[in-house]
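Reproduced below: protein01.txt, with compact mmCIF, C-alpha atoms.
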# COMPACT_ATOMS: atom_id res chain seq x y z
CA SER Y 717 13.27 -2.74 7.52
CA GLN Y 718 10.03 -4.56 8.26
CA GLN Y 719 9.12 -4.56 4.59
CA GLY Y 720 7.80 -7.79 3.15
CA GLU Y 721 9.27 -9.43 0.11
CA GLU Y 722 7.11 -10.93 -2.60
CA ASP Y 723 8.23 -13.79 -4.75
CA PRO Y 724 8.38 -14.03 -7.71
CA GLN Y 725 8.92 -10.44 -8.85
CA ALA Y 726 7.08 -11.22 -12.09
CA LEU Y 727 4.87 -14.08 -13.25
CA SER Y 728 3.31 -14.87 -16.63
CA ILE Y 729 0.74 -17.64 -16.96
CA GLN Y 730 -1.90 -18.76 -19.43
CA GLU Y 731 -5.50 -17.73 -18.87
CA GLY Y 732 -7.28 -20.39 -16.88
CA GLU Y 733 -4.20 -21.49 -14.96
CA ASN Y 734 -3.66 -20.87 -11.27
CA ALA Y 735 -1.28 -18.15 -10.08
CA THR Y 736 0.64 -18.41 -6.83
CA MET Y 737 2.70 -15.64 -5.29
CA ASN Y 738 4.47 -15.59 -1.96
CA CYS Y 739 5.29 -13.02 0.67
CA SER Y 740 7.88 -13.20 3.43
CA TYR Y 741 8.29 -10.77 6.29
CA LYS Y 742 10.75 -10.23 9.10
CA THR Y 743 9.00 -9.38 12.37
CA SER Y 744 5.85 -10.63 14.08
CA ILE Y 745 2.57 -9.32 12.73
CA ASN Y 746 -0.99 -8.63 13.77
CA ASN Y 747 -2.35 -9.41 10.31
CA LEU Y 748 -1.36 -9.64 6.67
CA GLN Y 749 -3.28 -8.23 3.73
CA TRP Y 750 -3.07 -8.56 -0.02
CA TYR Y 751 -3.74 -5.68 -2.40
CA ARG Y 752 -4.00 -5.42 -6.17
CA GLN Y 753 -2.81 -2.49 -8.27
CA ASN Y 754 -3.82 -2.08 -11.87
CA SER Y 755 -1.38 -0.11 -13.98
CA GLY Y 756 -1.31 3.56 -13.03
CA ARG Y 757 -4.01 3.23 -10.39
CA GLY Y 758 -4.27 3.15 -6.62
CA LEU Y 759 -4.25 -0.08 -4.66
CA VAL Y 760 -7.37 -2.09 -3.92
CA HIS Y 761 -7.73 -4.32 -0.86
CA LEU Y 762 -8.31 -7.99 -1.67
CA ILE Y 763 -8.17 -10.06 1.48
CA LEU Y 764 -6.91 -10.03 5.07
CA ILE Y 765 -5.67 -12.90 7.22
CA ARG Y 766 -5.05 -12.52 10.93
CA SER Y 767 -2.03 -13.89 12.73
CA ASN Y 768 -4.11 -16.62 14.41
CA GLU Y 769 -5.55 -17.85 11.09
CA ARG Y 770 -3.90 -20.29 8.71
CA GLU Y 771 -6.08 -20.07 5.62
CA LYS Y 772 -8.70 -17.73 4.19
CA HIS Y 773 -10.82 -17.85 1.04
CA SER Y 774 -12.59 -15.17 -0.93
CA GLY Y 775 -14.05 -16.12 -4.30
CA ARG Y 776 -11.12 -17.27 -6.47
CA LEU Y 777 -8.58 -16.12 -3.89
CA ARG Y 778 -6.97 -18.34 -1.29
CA VAL Y 779 -4.50 -16.98 1.23
CA THR Y 780 -2.38 -18.99 3.61
CA LEU Y 781 -0.26 -17.78 6.49
CA ASP Y 782 2.60 -19.58 8.24
CA THR Y 783 3.71 -17.44 11.16
CA SER Y 784 6.50 -19.87 12.09
CA LYS Y 785 8.09 -19.27 8.68
CA LYS Y 786 6.92 -15.65 8.52
CA SER Y 787 5.42 -16.23 5.11
CA SER Y 788 2.14 -16.05 3.24
CA SER Y 789 0.93 -17.15 -0.16
CA LEU Y 790 -1.82 -15.86 -2.43
CA LEU Y 791 -3.41 -18.27 -4.88
CA ILE Y 792 -5.62 -17.01 -7.68
CA THR Y 793 -7.50 -19.88 -9.30
CA ALA Y 794 -8.77 -20.02 -12.88
CA SER Y 795 -6.98 -16.81 -13.84
CA ARG Y 796 -8.58 -14.28 -16.17
CA ALA Y 797 -7.18 -11.48 -18.31
CA ALA Y 798 -8.59 -8.99 -15.81
CA ASP Y 799 -6.30 -10.45 -13.12
CA THR Y 800 -3.30 -8.87 -14.87
CA ALA Y 801 -1.99 -6.46 -12.24
CA SER Y 802 0.62 -6.06 -9.53
CA TYR Y 803 -0.07 -7.76 -6.21
CA PHE Y 804 1.29 -6.55 -2.90
CA CYS Y 805 1.32 -8.03 0.55
CA ALA Y 806 1.01 -5.62 3.45
CA THR Y 807 1.81 -6.45 7.03
CA ARG Y 808 0.36 -4.77 10.04
CA HIS Y 809 2.80 -5.01 12.88
CA TRP Y 810 1.86 -4.37 16.47
CA GLY Y 811 0.85 -0.72 16.39
CA ASP Y 812 -0.64 1.26 13.57
CA LYS Y 813 1.87 0.97 10.75
CA ILE Y 814 0.97 -1.01 7.64
CA ILE Y 815 4.07 -1.86 5.61
CA PHE Y 816 3.99 -3.00 1.99
CA GLY Y 817 6.24 -5.37 0.10
CA LYS Y 818 7.75 -4.77 -3.32
CA GLY Y 819 5.03 -6.59 -5.25
CA THR Y 820 4.60 -9.32 -7.84
CA ARG Y 821 3.70 -8.34 -11.40
CA LEU Y 822 1.22 -10.87 -12.78
CA HIS Y 823 0.55 -11.11 -16.50
CA ILE Y 824 -2.22 -13.36 -17.78
CA LEU Y 825 -1.61 -14.51 -21.35
CA PRO Y 826 -4.64 -15.05 -23.63
CA ASN Q 1445 -18.83 9.31 -1.35
CA ALA Q 1446 -15.77 10.47 -3.29
CA GLY Q 1447 -13.52 8.24 -1.15
CA VAL Q 1448 -9.89 9.38 -1.04
CA THR Q 1449 -8.99 12.24 -3.35
CA GLN Q 1450 -5.55 13.58 -4.19
CA THR Q 1451 -4.46 16.74 -5.94
CA PRO Q 1452 -2.66 17.45 -8.14
CA LYS Q 1453 -2.47 14.37 -10.39
CA PHE Q 1454 0.84 15.47 -11.91
CA GLN Q 1455 3.44 17.97 -10.79
CA VAL Q 1456 6.88 19.03 -12.00
CA LEU Q 1457 9.14 20.90 -9.61
CA LYS Q 1458 12.63 22.31 -9.75
CA THR Q 1459 15.16 21.33 -7.14
CA GLY Q 1460 14.71 23.44 -4.02
CA GLN Q 1461 11.09 24.35 -4.63
CA SER Q 1462 8.46 23.58 -2.05
CA MET Q 1463 4.97 22.29 -2.51
CA THR Q 1464 2.09 20.56 -0.77
CA LEU Q 1465 0.37 17.42 -1.97
CA GLN Q 1466 -3.25 17.42 -0.92
CA CYS Q 1467 -5.20 14.43 0.36
CA ALA Q 1468 -8.79 14.38 1.54
CA GLN Q 1469 -11.24 11.65 2.51
CA ASP Q 1470 -14.98 11.86 3.14
CA MET Q 1471 -15.42 8.56 4.97
CA ASN Q 1472 -14.71 9.93 8.47
CA HIS Q 1473 -11.68 7.68 8.72
CA GLU Q 1474 -9.39 8.14 11.70
CA TYR Q 1475 -6.25 6.75 10.13
CA MET Q 1476 -4.50 8.33 7.13
CA SER Q 1477 -1.11 7.68 5.63
CA TRP Q 1478 1.22 8.69 2.82
CA TYR Q 1479 3.25 6.26 0.75
CA ARG Q 1480 5.67 6.73 -2.09
CA GLN Q 1481 6.03 4.18 -4.85
CA ASP Q 1482 9.23 3.80 -6.82
CA PRO Q 1483 10.05 1.17 -9.47
CA GLY Q 1484 11.25 -2.03 -7.83
CA MET Q 1485 10.74 -0.65 -4.33
CA GLY Q 1486 7.05 -1.23 -3.73
CA LEU Q 1487 5.27 1.24 -1.46
CA ARG Q 1488 7.15 2.83 1.40
CA LEU Q 1489 5.40 4.53 4.28
CA ILE Q 1490 6.35 8.20 4.70
CA HIS Q 1491 4.12 9.48 7.52
CA TYR Q 1492 0.85 8.44 9.05
CA SER Q 1493 -1.79 9.82 11.38
CA VAL Q 1494 -4.12 8.02 13.76
CA GLY Q 1495 -6.39 11.01 14.23
CA ALA Q 1496 -6.63 14.79 14.08
CA GLY Q 1497 -3.63 16.36 15.76
CA ILE Q 1498 -1.59 13.12 15.83
CA THR Q 1499 1.08 12.21 13.32
CA ASP Q 1500 4.03 9.84 13.30
CA GLN Q 1501 6.92 8.88 11.07
CA GLY Q 1502 6.96 5.92 8.74
CA GLU Q 1503 9.88 4.24 6.98
CA VAL Q 1504 11.12 7.19 4.90
CA PRO Q 1505 10.06 10.47 6.58
CA ASN Q 1506 13.10 12.65 5.78
CA GLY Q 1507 12.35 15.63 3.55
CA TYR Q 1508 8.60 15.51 4.22
CA ASN Q 1509 6.32 17.19 6.75
CA VAL Q 1510 2.71 16.45 7.59
CA SER Q 1511 0.00 17.85 9.80
CA ARG Q 1512 -3.53 16.71 10.58
CA SER Q 1513 -5.71 19.61 11.65
CA THR Q 1514 -8.97 17.98 10.56
CA THR Q 1515 -10.20 14.41 10.21
CA GLU Q 1516 -10.72 14.90 6.47
CA ASP Q 1517 -7.40 16.33 5.33
CA PHE Q 1518 -3.82 15.10 5.51
CA PRO Q 1519 -1.47 17.25 3.39
CA LEU Q 1520 2.12 16.23 2.65
CA ARG Q 1521 4.66 19.03 2.39
CA LEU Q 1522 7.97 18.93 0.56
CA LEU Q 1523 10.01 21.77 2.02
CA SER Q 1524 12.89 21.73 -0.47
CA ALA Q 1525 12.33 19.27 -3.29
CA ALA Q 1526 15.17 17.01 -4.41
CA PRO Q 1527 15.44 14.73 -7.47
CA SER Q 1528 15.37 11.74 -5.09
CA GLN Q 1529 11.77 12.68 -4.29
CA THR Q 1530 10.66 11.99 -7.84
CA SER Q 1531 8.03 9.32 -7.30
CA VAL Q 1532 4.35 8.48 -7.30
CA TYR Q 1533 2.71 9.43 -4.02
CA PHE Q 1534 -0.34 7.65 -2.65
CA CYS Q 1535 -2.55 8.70 0.20
CA ALA Q 1536 -4.59 6.07 2.02
CA SER Q 1537 -7.13 5.99 4.81
CA ARG Q 1538 -8.79 3.41 7.02
CA ALA Q 1539 -11.54 3.59 9.56
CA GLY Q 1540 -9.53 3.16 12.74
CA THR Q 1541 -7.09 1.09 14.74
CA SER Q 1542 -9.36 -1.95 14.73
CA ARG Q 1543 -10.04 -1.68 11.01
CA ASN Q 1544 -7.36 -2.78 8.59
CA GLU Q 1545 -8.61 -2.30 5.02
CA GLN Q 1546 -6.95 0.75 3.52
CA PHE Q 1547 -8.58 2.83 0.80
CA PHE Q 1548 -6.19 4.46 -1.62
CA GLY Q 1549 -6.33 7.64 -3.61
CA PRO Q 1550 -5.42 7.70 -7.32
CA GLY Q 1551 -1.91 9.01 -6.71
CA THR Q 1552 0.17 12.08 -7.55
CA ARG Q 1553 3.03 11.69 -10.00
CA LEU Q 1554 5.82 14.08 -8.96
CA THR Q 1555 8.93 14.87 -10.98
CA VAL Q 1556 11.73 16.93 -9.49
CA LEU Q 1557 14.21 18.29 -12.01
When written as structure tokens, how does the structure in this file appear?
Amino acid sequence: SQQGEEDPQALSIQEGENATMNCSYKTSINNLQWYRQNSGRGLVHLILIRSNEREKHSGRLRVTLDTSKKSSSLLITASRAADTASYFCATRHWGDKIIFGKGTRLHILP
Amino acid sequence: NAGVTQTPKFQVLKTGQSMTLQCAQDMNHEYMSWYRQDPGMGLRLIHYSVGAGITDQGEVPNGYNVSRSTTEDFPLRLLSAAPSQTSVYFCASRAGTSRNEQFFGPGTRLTVL
């Protein structure tokens, strides 16, 4: 399977702290994306990083990509209660398929 | 724009019954796909389409059929439902091959008894 694997599966942190979650994948990619899913809802696109990029920022989000290790990380700085959600990495391999990982459940404690 | 819409929101079937999950988008997106989401398994790609008349298999296509007769609609058919198909089903679309951001529908929660 080409499916990515997020790590950790679940993460609880205090509001205001930074949250880091990781994604590993198996085969070469065109790009990697991160999505957020609030409970019971559809997924929402957060950020995309291409295979020739190493780091990308968007607001409080920072994504890194290491193609030699086939891994990516998502950092959310200064977490808020509204960041409580599941986060998924999605890899686009050469072609049109976009494959999702199993997700990290993030819980921000007040 | 309504974005990506899915019907029904909830459905209960008996083993062996057939049904069609509907998905429509009003963004003129070329690419549409179906995923299923199961606890601990993330989202798995069932089928996808890169344009009207073109479909292809994803990771877990068995037991499901799709067709794409129009740009707007991408229905998913279960020919003979099985308990293993109990899941939440999401439809997604994106603009085209060069565009990567996927827009998701709200999901259909299916239970097969």
Contacts of Gln1466 (chain Q) at 8 Å (all atoms listed in the file; same-chain gap of 6+ positions) as a list of chain:residue names: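 In the requested format, the answer is Q:Gln1450, Q:Thr1451, Q:Pro1452, Q:Asp1517, Q:Phe1518, Q:Pro1519, Q:Leu1520.
Ranking Y:Ile729, Y:Ser744, Y:Asp723, Y:Arg757 by their shortest atom-to-atom distance to Phe1534 (chain Q), with all atoms listed in the file included, puts Y:Arg757 first.
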Contacts of chain Q with chain Y up to 12 Å, shortest pair per row, only C-alpha atoms, as CSV:
residue,atom,partner,partner_atom,distance
Q:Gly1447,CA,Y:Gly758,CA,11.9
Q:Val1448,CA,Y:Gly758,CA,10.1
Q:Thr1449,CA,Y:Gly758,CA,10.8
Q:Gln1450,CA,Y:Gly758,CA,10.8
Q:Lys1453,CA,Y:Gly756,CA,11.2
Q:Glu1474,CA,Y:Asp812,CA,11.3
Q:Tyr1475,CA,Y:Asp812,CA,8.6
Q:Met1476,CA,Y:Asp812,CA,10.3
Q:Ser1477,CA,Y:Lys813,CA,9.0
Q:Trp1478,CA,Y:Ile814,CA,10.8
Q:Tyr1479,CA,Y:Phe816,CA,9.4
Q:Arg1480,CA,Y:Phe816,CA,10.7
Q:Gln1481,CA,Y:Lys818,CA,9.2
Q:Asp1482,CA,Y:Lys818,CA,9.4
Q:Pro1483,CA,Y:Lys818,CA,8.9
Q:Gly1484,CA,Y:Lys818,CA,6.3
Q:Met1485,CA,Y:Lys818,CA,5.2
Q:Gly1486,CA,Y:Lys818,CA,3.6
Q:Leu1487,CA,Y:Phe816,CA,5.6
Q:Arg1488,CA,Y:Phe816,CA,6.7
Q:Leu1489,CA,Y:Ile815,CA,6.7
Q:Ile1490,CA,Y:Ile815,CA,10.4
Q:His1491,CA,Y:Lys813,CA,9.4
Q:Tyr1492,CA,Y:Lys813,CA,7.7
Q:Ser1493,CA,Y:Asp812,CA,8.9
Q:Val1494,CA,Y:Asp812,CA,7.6
Q:Gly1495,CA,Y:Asp812,CA,11.3
Q:Thr1499,CA,Y:Asp812,CA,11.1
Q:Asp1500,CA,Y:Lys813,CA,9.5
Q:Gln1501,CA,Y:Lys813,CA,9.4
Q:Gly1502,CA,Y:Lys813,CA,7.4
Q:Glu1503,CA,Y:Ser717,CA,7.8
Q:Val1504,CA,Y:Ser717,CA,10.5
Q:Val1532,CA,Y:Gly756,CA,9.4
Q:Tyr1533,CA,Y:Gly758,CA,9.7
Q:Phe1534,CA,Y:Gly758,CA,7.2
Q:Cys1535,CA,Y:Gly758,CA,9.0
Q:Ala1536,CA,Y:Leu759,CA,9.1
Q:Ser1537,CA,Y:Ile814,CA,11.1
Q:Arg1538,CA,Y:Asp812,CA,10.7
Q:Ala1539,CA,Y:Asp812,CA,11.8
Q:Gly1540,CA,Y:Asp812,CA,9.1
Q:Thr1541,CA,Y:Asp812,CA,6.6
Q:Ser1542,CA,Y:Asp812,CA,9.4
Q:Arg1543,CA,Y:Asp812,CA,10.2
Q:Asn1544,CA,Y:Leu764,CA,8.1
Q:Glu1545,CA,Y:His761,CA,6.3
Q:Gln1546,CA,Y:His761,CA,6.7
Q:Phe1547,CA,Y:Val760,CA,6.9
Q:Phe1548,CA,Y:Gly758,CA,5.5
Q:Gly1549,CA,Y:Gly758,CA,5.8
Q:Pro1550,CA,Y:Gly758,CA,4.7
Q:Gly1551,CA,Y:Gly758,CA,6.3
Q:Thr1552,CA,Y:Gly758,CA,10.0
Q:Arg1553,CA,Y:Gly756,CA,9.7
Using all atoms of region 1446-1455 of chain Q that appear in the file, construct an axis-aligned enclosing box with 8 Å of padding on every side and provide its centre coordinates and edge lengths in Å, rounded to one decimal, as lines of an AutoDock Vina configuration file.
center_x = -6.2
center_y = 13.1
center_z = -6.5
size_x = 35.2
size_y = 25.7
size_z = 26.9
Å distance separating CA of Ile765 (chain Y) from CA of Arg796 (chain Y), one decimal place: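 Between CA of Ile765 (chain Y) and CA of Arg796 (chain Y) the gap works out to 23.6 Å.
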Which of Y:Val779, Y:Ile745, Y:Ile824, Y:Met737 sits closest to Ala794 (chain Y) [using only C-alpha atoms]: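 Using only C-alpha atoms, Ala794 (chain Y) sits closest to Y:Ile824.
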Distance query Lys1458 (chain Q) at most 8 Å, only C-alpha atoms, self and fewer than 2 positions along chain excluded, as a list in words: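 Near neighbours after the sequence-gap exclusion: Val1456, Gly1460, Gln1461, Ala1525, Ala1526, Val1556 and Leu1557 of chain Q.
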CA of Asn734 (chain Y) to CA of Arg770 (chain Y), straight-line distance in Å: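 Spanning CA of Arg770 (chain Y) to CA of Asn734 (chain Y) is a straight-line distance of 20.0 Å.
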Take the point (4.8, -13.1, -13.6) as written in the file and pick out every residue within 8 Å of it, counting only C-alpha atoms; give the list as an mmCIF file with C-alpha atoms, in the coordinates of the input.
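Done, and the output landed in part-v7.cif:
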data_model
loop_
_atom_site.group_PDB
_atom_site.id
_atom_site.type_symbol
_atom_site.label_atom_id
_atom_site.label_comp_id
_atom_site.auth_asym_id
_atom_site.auth_seq_id
_atom_site.Cartn_x
_atom_site.Cartn_y
_atom_site.Cartn_z
ATOM 1 C CA PRO Y 724 8.380 -14.030 -7.710
ATOM 2 C CA GLN Y 725 8.920 -10.440 -8.850
ATOM 3 C CA ALA Y 726 7.080 -11.220 -12.090
ATOM 4 C CA LEU Y 727 4.870 -14.080 -13.250
ATOM 5 C CA SER Y 728 3.310 -14.870 -16.630
ATOM 6 C CA ILE Y 729 0.740 -17.640 -16.960
ATOM 7 C CA THR Y 820 4.600 -9.320 -7.840
ATOM 8 C CA ARG Y 821 3.700 -8.340 -11.400
ATOM 9 C CA LEU Y 822 1.220 -10.870 -12.780
ATOM 10 C CA HIS Y 823 0.550 -11.110 -16.500
#
Interatomic distance, CA of Leu1554 (chain Q) to CA of Asn1445 (chain Q) (Å, one decimal): 26.2 Å
Gln730 (chain Y): which residues within 7 Å, counting all atoms listed in the file, same-chain residues fewer than 3 positions away excluded, as a PDB file with C-alpha atoms, in the coordinates of the input?
ATOM      1  CA  GLU Y 733      -4.200 -21.490 -14.960  1.00  0.00           C
ATOM      2  CA  ILE Y 824      -2.220 -13.360 -17.780  1.00  0.00           C
ATOM      3  CA  LEU Y 825      -1.610 -14.510 -21.350  1.00  0.00           C
ATOM      4  CA  PRO Y 826      -4.640 -15.050 -23.630  1.00  0.00           C
TER       5      PRO Y 826
END
For region 1464-1491 of chain Q, which lacks atoms in the input, supply N, CA and C atoms and format the output as a JSON list (two decimals), in the coordinates of the input.
[["chain", "number", "residue", "atom", "x", "y", "z"],
["Q", 1464, "THR", "N", 2.92, 21.39, -1.62],
["Q", 1464, "THR", "CA", 2.09, 20.56, -0.77],
["Q", 1464, "THR", "C", 1.22, 19.66, -1.63],
["Q", 1465, "LEU", "N", 1.28, 18.38, -1.34],
["Q", 1465, "LEU", "CA", 0.37, 17.42, -1.97],
["Q", 1465, "LEU", "C", -0.86, 17.31, -1.07],
["Q", 1466, "GLN", "N", -2.02, 17.43, -1.71],
["Q", 1466, "GLN", "CA", -3.25, 17.42, -0.92],
["Q", 1466, "GLN", "C", -3.88, 16.03, -0.92],
["Q", 1467, "CYS", "N", -4.46, 15.68, 0.23],
["Q", 1467, "CYS", "CA", -5.20, 14.43, 0.36],
["Q", 1467, "CYS", "C", -6.42, 14.71, 1.23],
["Q", 1468, "ALA", "N", -7.56, 14.23, 0.77],
["Q", 1468, "ALA", "CA", -8.79, 14.38, 1.54],
["Q", 1468, "ALA", "C", -9.61, 13.11, 1.44],
["Q", 1469, "GLN", "N", -10.33, 12.81, 2.53],
["Q", 1469, "GLN", "CA", -11.24, 11.65, 2.51],
["Q", 1469, "GLN", "C", -12.56, 12.06, 3.17],
["Q", 1470, "ASP", "N", -13.64, 11.50, 2.64],
["Q", 1470, "ASP", "CA", -14.98, 11.86, 3.14],
["Q", 1470, "ASP", "C", -15.66, 10.68, 3.81],
["Q", 1471, "MET", "N", -14.87, 9.76, 4.35],
["Q", 1471, "MET", "CA", -15.42, 8.56, 4.97],
["Q", 1471, "MET", "C", -15.32, 8.62, 6.50],
["Q", 1472, "ASN", "N", -14.88, 9.76, 7.02],
["Q", 1472, "ASN", "CA", -14.71, 9.93, 8.47],
["Q", 1472, "ASN", "C", -13.73, 8.93, 9.05],
["Q", 1473, "HIS", "N", -12.70, 8.62, 8.27],
["Q", 1473, "HIS", "CA", -11.68, 7.68, 8.72],
["Q", 1473, "HIS", "C", -10.71, 8.34, 9.67],
["Q", 1474, "GLU", "N", -10.35, 7.60, 10.72],
["Q", 1474, "GLU", "CA", -9.39, 8.14, 11.70],
["Q", 1474, "GLU", "C", -7.96, 8.10, 11.16],
["Q", 1475, "TYR", "N", -7.63, 7.03, 10.48],
["Q", 1475, "TYR", "CA", -6.25, 6.75, 10.13],
["Q", 1475, "TYR", "C", -5.97, 7.17, 8.69],
["Q", 1476, "MET", "N", -4.92, 7.96, 8.48],
["Q", 1476, "MET", "CA", -4.50, 8.33, 7.13],
["Q", 1476, "MET", "C", -2.99, 8.17, 7.02],
["Q", 1477, "SER", "N", -2.54, 7.90, 5.82],
["Q", 1477, "SER", "CA", -1.11, 7.68, 5.63],
["Q", 1477, "SER", "C", -0.69, 8.12, 4.24],
["Q", 1478, "TRP", "N", 0.61, 8.35, 4.10],
["Q", 1478, "TRP", "CA", 1.22, 8.69, 2.82],
["Q", 1478, "TRP", "C", 2.28, 7.64, 2.50],
["Q", 1479, "TYR", "N", 2.25, 7.18, 1.25],
["Q", 1479, "TYR", "CA", 3.25, 6.26, 0.75],
["Q", 1479, "TYR", "C", 3.86, 6.85, -0.52],
["Q", 1480, "ARG", "N", 5.09, 6.45, -0.79],
["Q", 1480, "ARG", "CA", 5.67, 6.73, -2.09],
["Q", 1480, "ARG", "C", 5.96, 5.40, -2.78],
["Q", 1481, "GLN", "N", 5.81, 5.40, -4.09],
["Q", 1481, "GLN", "CA", 6.03, 4.18, -4.85],
["Q", 1481, "GLN", "C", 7.07, 4.44, -5.92],
["Q", 1482, "ASP", "N", 8.14, 3.70, -5.85],
["Q", 1482, "ASP", "CA", 9.23, 3.80, -6.82],
["Q", 1482, "ASP", "C", 9.42, 2.45, -7.48],
["Q", 1483, "PRO", "N", 9.87, 2.44, -8.75],
["Q", 1483, "PRO", "CA", 10.05, 1.17, -9.47],
["Q", 1483, "PRO", "C", 10.94, 0.21, -8.69],
["Q", 1484, "GLY", "N", 10.46, -1.01, -8.51],
["Q", 1484, "GLY", "CA", 11.25, -2.03, -7.83],
["Q", 1484, "GLY", "C", 11.30, -1.90, -6.32],
["Q", 1485, "MET", "N", 10.65, -0.86, -5.79],
["Q", 1485, "MET", "CA", 10.74, -0.65, -4.33],
["Q", 1485, "MET", "C", 9.40, -0.84, -3.64],
["Q", 1486, "GLY", "N", 8.35, -1.10, -4.36],
["Q", 1486, "GLY", "CA", 7.05, -1.23, -3.73],
["Q", 1486, "GLY", "C", 6.59, 0.09, -3.15],
["Q", 1487, "LEU", "N", 5.75, 0.04, -2.13],
["Q", 1487, "LEU", "CA", 5.27, 1.24, -1.46],
["Q", 1487, "LEU", "C", 6.00, 1.39, -0.14],
["Q", 1488, "ARG", "N", 6.48, 2.57, 0.13],
["Q", 1488, "ARG", "CA", 7.15, 2.83, 1.40],
["Q", 1488, "ARG", "C", 6.39, 3.90, 2.17],
["Q", 1489, "LEU", "N", 6.19, 3.65, 3.43],
["Q", 1489, "LEU", "CA", 5.40, 4.53, 4.28],
["Q", 1489, "LEU", "C", 6.21, 5.77, 4.65],
["Q", 1490, "ILE", "N", 5.64, 6.95, 4.41],
["Q", 1490, "ILE", "CA", 6.35, 8.20, 4.70],
["Q", 1490, "ILE", "C", 5.94, 8.72, 6.09],
["Q", 1491, "HIS", "N", 4.68, 9.02, 6.25],
["Q", 1491, "HIS", "CA", 4.12, 9.48, 7.52],
["Q", 1491, "HIS", "C", 2.71, 8.92, 7.64]]
